[in-house]
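Data from data-v6.pdb: PDB, C-alpha atoms, pLDDT in the B column
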ATOM      1  CA  MET A   5      30.432 -30.000   0.468  1.00 63.00           C
ATOM      2  CA  LEU A   6      27.104 -31.372  -0.613  1.00 61.00           C
ATOM      3  CA  PHE A   7      25.139 -28.245   0.250  1.00 70.00           C
ATOM      4  CA  SER A   8      27.800 -25.637  -0.512  1.00 76.00           C
ATOM      5  CA  GLY A   9      27.806 -26.318  -4.247  1.00 76.00           C
ATOM      6  CA  VAL A  10      31.339 -27.710  -4.407  1.00 86.00           C
ATOM      7  CA  ILE A  11      30.177 -31.074  -5.728  1.00 86.00           C
ATOM      8  CA  ASP A  12      28.033 -29.352  -8.377  1.00 87.00           C
ATOM      9  CA  TYR A  13      31.110 -27.385  -9.473  1.00 90.00           C
ATOM     10  CA  TRP A  14      33.200 -30.565  -9.618  1.00 90.00           C
ATOM     11  CA  ILE A  15      30.518 -32.314 -11.659  1.00 90.00           C
ATOM     12  CA  ASP A  16      30.289 -29.445 -14.162  1.00 90.00           C
ATOM     13  CA  LEU A  17      34.069 -29.288 -14.464  1.00 91.00           C
ATOM     14  CA  ALA A  18      34.390 -33.058 -14.864  1.00 93.00           C
ATOM     15  CA  ILE A  19      31.684 -33.112 -17.566  1.00 90.00           C
ATOM     16  CA  ARG A  20      33.620 -30.479 -19.526  1.00 89.00           C
ATOM     17  CA  TYR A  21      36.928 -32.330 -19.166  1.00 89.00           C
ATOM     18  CA  SER A  22      35.484 -35.752 -19.964  1.00 89.00           C
ATOM     19  CA  ASP A  23      34.228 -34.688 -23.375  1.00 83.00           C
ATOM     20  CA  TYR A  24      36.575 -34.742 -26.350  1.00 76.00           C
ATOM     21  CA  ASP A  25      36.895 -31.212 -27.689  1.00 74.00           C
ATOM     22  CA  GLY A  26      40.308 -31.469 -29.298  1.00 76.00           C
ATOM     23  CA  GLN A  27      42.046 -29.991 -26.260  1.00 81.00           C
ATOM     24  CA  ASN A  28      41.379 -32.518 -23.491  1.00 83.00           C
ATOM     25  CA  GLN A  29      43.995 -35.249 -23.374  1.00 87.00           C
ATOM     26  CA  PRO A  30      42.962 -38.894 -22.839  1.00 87.00           C
ATOM     27  CA  ASN A  31      44.454 -38.960 -19.329  1.00 89.00           C
ATOM     28  CA  GLU A  32      42.482 -35.839 -18.358  1.00 91.00           C
ATOM     29  CA  ARG A  33      39.325 -37.380 -19.766  1.00 92.00           C
ATOM     30  CA  ALA A  34      39.907 -40.632 -17.853  1.00 93.00           C
ATOM     31  CA  VAL A  35      40.433 -38.781 -14.570  1.00 94.00           C
ATOM     32  CA  ALA A  36      37.312 -36.669 -15.150  1.00 95.00           C
ATOM     33  CA  LEU A  37      35.265 -39.788 -15.892  1.00 95.00           C
ATOM     34  CA  GLY A  38      36.672 -41.447 -12.781  1.00 95.00           C
ATOM     35  CA  LEU A  39      35.597 -38.474 -10.671  1.00 95.00           C
ATOM     36  CA  LEU A  40      32.085 -38.564 -12.150  1.00 95.00           C
ATOM     37  CA  VAL A  41      31.790 -42.301 -11.520  1.00 95.00           C
ATOM     38  CA  SER A  42      33.033 -41.922  -7.940  1.00 95.00           C
ATOM     39  CA  ILE A  43      30.556 -39.152  -7.200  1.00 93.00           C
ATOM     40  CA  TRP A  44      27.701 -41.100  -8.783  1.00 93.00           C
ATOM     41  CA  GLU A  45      28.614 -44.251  -6.894  1.00 93.00           C
ATOM     42  CA  SER A  46      28.898 -42.515  -3.527  1.00 91.00           C
ATOM     43  CA  LYS A  47      26.029 -39.998  -3.919  1.00 88.00           C
ATOM     44  CA  PRO A  48      23.629 -41.429  -6.520  1.00 89.00           C
ATOM     45  CA  GLY A  49      20.816 -39.114  -5.435  1.00 87.00           C
ATOM     46  CA  LYS A  50      22.900 -36.059  -6.270  1.00 84.00           C
ATOM     47  CA  ILE A  51      23.424 -37.215  -9.844  1.00 88.00           C
ATOM     48  CA  GLU A  52      19.989 -38.712 -10.387  1.00 86.00           C
ATOM     49  CA  GLU A  53      18.064 -35.673  -9.164  1.00 86.00           C
ATOM     50  CA  LYS A  54      18.872 -34.237 -12.583  1.00 79.00           C
ATOM     51  CA  ASN A  55      18.012 -36.978 -15.089  1.00 72.00           C
ATOM     52  CA  ASP A  56      19.894 -35.254 -17.898  1.00 89.00           C
ATOM     53  CA  LEU A  57      23.074 -35.282 -15.801  1.00 91.00           C
ATOM     54  CA  ALA A  58      22.974 -39.067 -15.408  1.00 92.00           C
ATOM     55  CA  SER A  59      22.371 -39.417 -19.135  1.00 92.00           C
ATOM     56  CA  ALA A  60      25.273 -37.077 -19.870  1.00 92.00           C
ATOM     57  CA  ILE A  61      27.616 -39.155 -17.706  1.00 93.00           C
ATOM     58  CA  LEU A  62      26.517 -42.355 -19.423  1.00 94.00           C
ATOM     59  CA  THR A  63      27.046 -40.706 -22.802  1.00 93.00           C
ATOM     60  CA  MET A  64      30.563 -39.644 -21.820  1.00 93.00           C
ATOM     61  CA  LEU A  65      31.339 -43.167 -20.603  1.00 94.00           C
ATOM     62  CA  LYS A  66      30.059 -44.684 -23.843  1.00 94.00           C
ATOM     63  CA  ARG A  67      32.135 -42.216 -25.859  1.00 92.00           C
ATOM     64  CA  GLY A  68      35.132 -43.172 -23.768  1.00 92.00           C
ATOM     65  CA  CYS A  69      34.491 -46.840 -24.538  1.00 91.00           C
ATOM     66  CA  ARG A  70      34.527 -46.028 -28.250  1.00 90.00           C
ATOM     67  CA  ASP A  71      37.570 -43.754 -28.155  1.00 89.00           C
ATOM     68  CA  ARG A  72      40.576 -44.423 -30.372  1.00 90.00           C
ATOM     69  CA  VAL A  73      42.947 -44.407 -27.365  1.00 90.00           C
ATOM     70  CA  LYS A  74      42.995 -47.909 -25.918  1.00 89.00           C
ATOM     71  CA  ILE A  75      43.663 -46.920 -22.289  1.00 90.00           C
ATOM     72  CA  LEU A  76      40.604 -44.657 -22.311  1.00 91.00           C
ATOM     73  CA  ARG A  77      38.486 -47.417 -23.871  1.00 90.00           C
ATOM     74  CA  THR A  78      39.616 -49.907 -21.267  1.00 91.00           C
ATOM     75  CA  SER A  79      39.187 -47.601 -18.278  1.00 93.00           C
ATOM     76  CA  SER A  80      35.755 -46.400 -19.447  1.00 94.00           C
ATOM     77  CA  CYS A  81      34.517 -49.983 -19.762  1.00 94.00           C
ATOM     78  CA  GLU A  82      35.924 -50.762 -16.310  1.00 94.00           C
ATOM     79  CA  MET A  83      34.137 -47.748 -14.833  1.00 96.00           C
ATOM     80  CA  MET A  84      30.837 -48.771 -16.410  1.00 96.00           C
ATOM     81  CA  PHE A  85      31.161 -52.252 -14.920  1.00 95.00           C
ATOM     82  CA  LYS A  86      32.048 -50.721 -11.554  1.00 95.00           C
ATOM     83  CA  LEU A  87      28.864 -48.659 -11.679  1.00 95.00           C
ATOM     84  CA  LEU A  88      26.832 -51.647 -12.832  1.00 95.00           C
ATOM     85  CA  HIS A  89      28.062 -53.814  -9.980  1.00 94.00           C
ATOM     86  CA  SER A  90      27.374 -51.128  -7.388  1.00 92.00           C
ATOM     87  CA  PHE A  91      23.971 -50.248  -8.831  1.00 93.00           C
ATOM     88  CA  ALA A  92      22.900 -53.876  -9.182  1.00 90.00           C
ATOM     89  CA  LEU A  93      23.531 -54.436  -5.467  1.00 89.00           C
ATOM     90  CA  ASP A  94      21.509 -51.319  -4.584  1.00 88.00           C
ATOM     91  CA  ARG A  95      18.781 -51.997  -7.178  1.00 90.00           C
ATOM     92  CA  ASN A  96      19.385 -48.607  -8.734  1.00 91.00           C
ATOM     93  CA  PRO A  97      17.078 -47.818 -11.683  1.00 92.00           C
ATOM     94  CA  PHE A  98      20.097 -47.019 -13.865  1.00 92.00           C
ATOM     95  CA  ALA A  99      21.520 -50.557 -13.558  1.00 93.00           C
ATOM     96  CA  PRO A 100      19.439 -51.942 -16.466  1.00 94.00           C
ATOM     97  CA  ILE A 101      20.399 -48.977 -18.647  1.00 94.00           C
ATOM     98  CA  ILE A 102      24.097 -49.543 -17.977  1.00 95.00           C
ATOM     99  CA  TYR A 103      23.655 -53.285 -18.534  1.00 95.00           C
ATOM    100  CA  LYS A 104      22.002 -52.663 -21.894  1.00 96.00           C
ATOM    101  CA  SER A 105      24.745 -50.230 -22.926  1.00 95.00           C
ATOM    102  CA  LEU A 106      27.460 -52.701 -21.984  1.00 95.00           C
ATOM    103  CA  THR A 107      25.705 -55.475 -23.880  1.00 94.00           C
ATOM    104  CA  PHE A 108      25.636 -53.380 -27.042  1.00 95.00           C
ATOM    105  CA  LEU A 109      29.269 -52.407 -26.517  1.00 94.00           C
ATOM    106  CA  LEU A 110      30.175 -56.086 -26.241  1.00 93.00           C
ATOM    107  CA  ILE A 111      28.514 -56.738 -29.588  1.00 93.00           C
ATOM    108  CA  GLU A 112      30.220 -53.697 -31.077  1.00 92.00           C
ATOM    109  CA  PHE A 113      33.673 -54.801 -29.859  1.00 88.00           C
ATOM    110  CA  HIS A 114      33.475 -58.407 -31.005  1.00 88.00           C
ATOM    111  CA  TYR A 115      36.548 -57.777 -33.196  1.00 89.00           C
ATOM    112  CA  ASP A 116      38.763 -56.547 -30.336  1.00 86.00           C
ATOM    113  CA  ILE A 117      39.814 -59.692 -28.486  1.00 89.00           C
ATOM    114  CA  GLN A 118      41.247 -57.976 -25.400  1.00 88.00           C
ATOM    115  CA  ILE A 119      38.241 -55.754 -24.718  1.00 88.00           C
ATOM    116  CA  ARG A 120      35.844 -58.596 -25.521  1.00 90.00           C
ATOM    117  CA  GLU A 121      37.578 -60.901 -23.027  1.00 92.00           C
ATOM    118  CA  GLN A 122      37.654 -58.165 -20.400  1.00 91.00           C
ATOM    119  CA  MET A 123      33.927 -57.538 -20.817  1.00 92.00           C
ATOM    120  CA  LEU A 124      33.032 -61.231 -20.821  1.00 93.00           C
ATOM    121  CA  LYS A 125      35.033 -61.719 -17.620  1.00 93.00           C
ATOM    122  CA  HIS A 126      33.109 -58.902 -15.964  1.00 93.00           C
ATOM    123  CA  PHE A 127      29.752 -60.209 -17.155  1.00 92.00           C
ATOM    124  CA  THR A 128      30.661 -63.647 -15.803  1.00 91.00           C
ATOM    125  CA  THR A 129      31.650 -62.326 -12.368  1.00 89.00           C
ATOM    126  CA  LEU A 130      28.562 -60.137 -12.274  1.00 84.00           C
ATOM    127  CA  PHE A 131      26.244 -63.159 -12.339  1.00 77.00           C
ATOM    128  CA  ILE A 132      28.163 -65.337  -9.896  1.00 74.00           C
TER     129      ILE A 132
END
Please go through the file and, once you have read it, give me the structure as structure tokens.
Amino acid sequence: MLFSGVIDYWIDLAIRYSDYDGQNQPNERAVALGLLVSIWESKPGKIEEKNDLASAILTMLKRGCRDRVKILRTSSCEMMFKLLHSFALDRNPFAPIIYKSLTFLLIEFHYDIQIREQMLKHFTTLFI
């Protein structure tokens, strides 16, 4: 699958579905983001060989964290922490970028008690 182009097709399709264009429903966007995160976590070299692709995925995750639909916000934050935990263990160069993004999101969501507590719990477990 790696050399046949199937994963590249899945990545392109998931990028299109993860972006809000007025047609993609929040559940479709969450599934597409989940697929992108799973591919990046399992095959980081495939995503990181194209630097703009990694940036696009991070942008989609950040947009998901800021979405008006709460389930998409929650799941996007969870996926970013999942990536951060995995990348921190592997010393991936994108771990600091994700950490910085999550830190700014925590500051941005200081008004939302549930998301703030969720993020603080993840930050706490990350450093233990």
Translate the PyMOL selection byres ((chain A and resi 83) around 12) into a concrete residue list for this structure, as a ChimeraX atom specification. /A:34-42,44-45,61-62,64-66,68-69,76-82,84-90,102,106,123,126
Just give me the gap between CA of Ala92 (chain A) and CA of Glu112 (chain A) in Å, one decimal is fine. 23.1 Å
With only C-alpha atoms as the basis for distance, which of A:Asp25, A:Leu124, A:Glu53, A:Phe131 is at the shortest distance from Leu93 (chain A)? A:Phe131
Just checking: using all atoms listed in the file, which residue out of A:Tyr21, A:Phe91, A:Ile75, A:Glu52 ends up closest to Gln118 (chain A)?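 Distance minimum relative to Gln118 (chain A) lands on A:Ile75.
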So the first atom is CA of Ala60 (chain A) and the second is CA of Ser105 (chain A); what is the distance between them in Å, to one decimal place? 13.5 Å
Between CA of Ala99 (chain A) and CA of Leu57 (chain A), what is the spacing in Å?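 Distance reported for this atom pair: 15.5 Å.
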In terms of the shortest atom-to-atom distance over all atoms listed in the file, which of A:Asn96, A:Gln122, A:Leu17, A:Leu130 is closest to Leu110 (chain A)? A:Gln122
Which one is closest to Lys74 (chain A): A:Phe127, A:Ile111, A:Pro30, A:Trp14? Count all atoms listed in the file.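 Of the candidates, the smallest distance to Lys74 (chain A) is held by A:Pro30.
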Looking at only C-alpha atoms, which of A:Ala58, A:Ile15, A:Asp94, A:Phe108 is the one that sits closest to Arg120 (chain A)?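 For Arg120 (chain A), the nearest of the given residues is A:Phe108.
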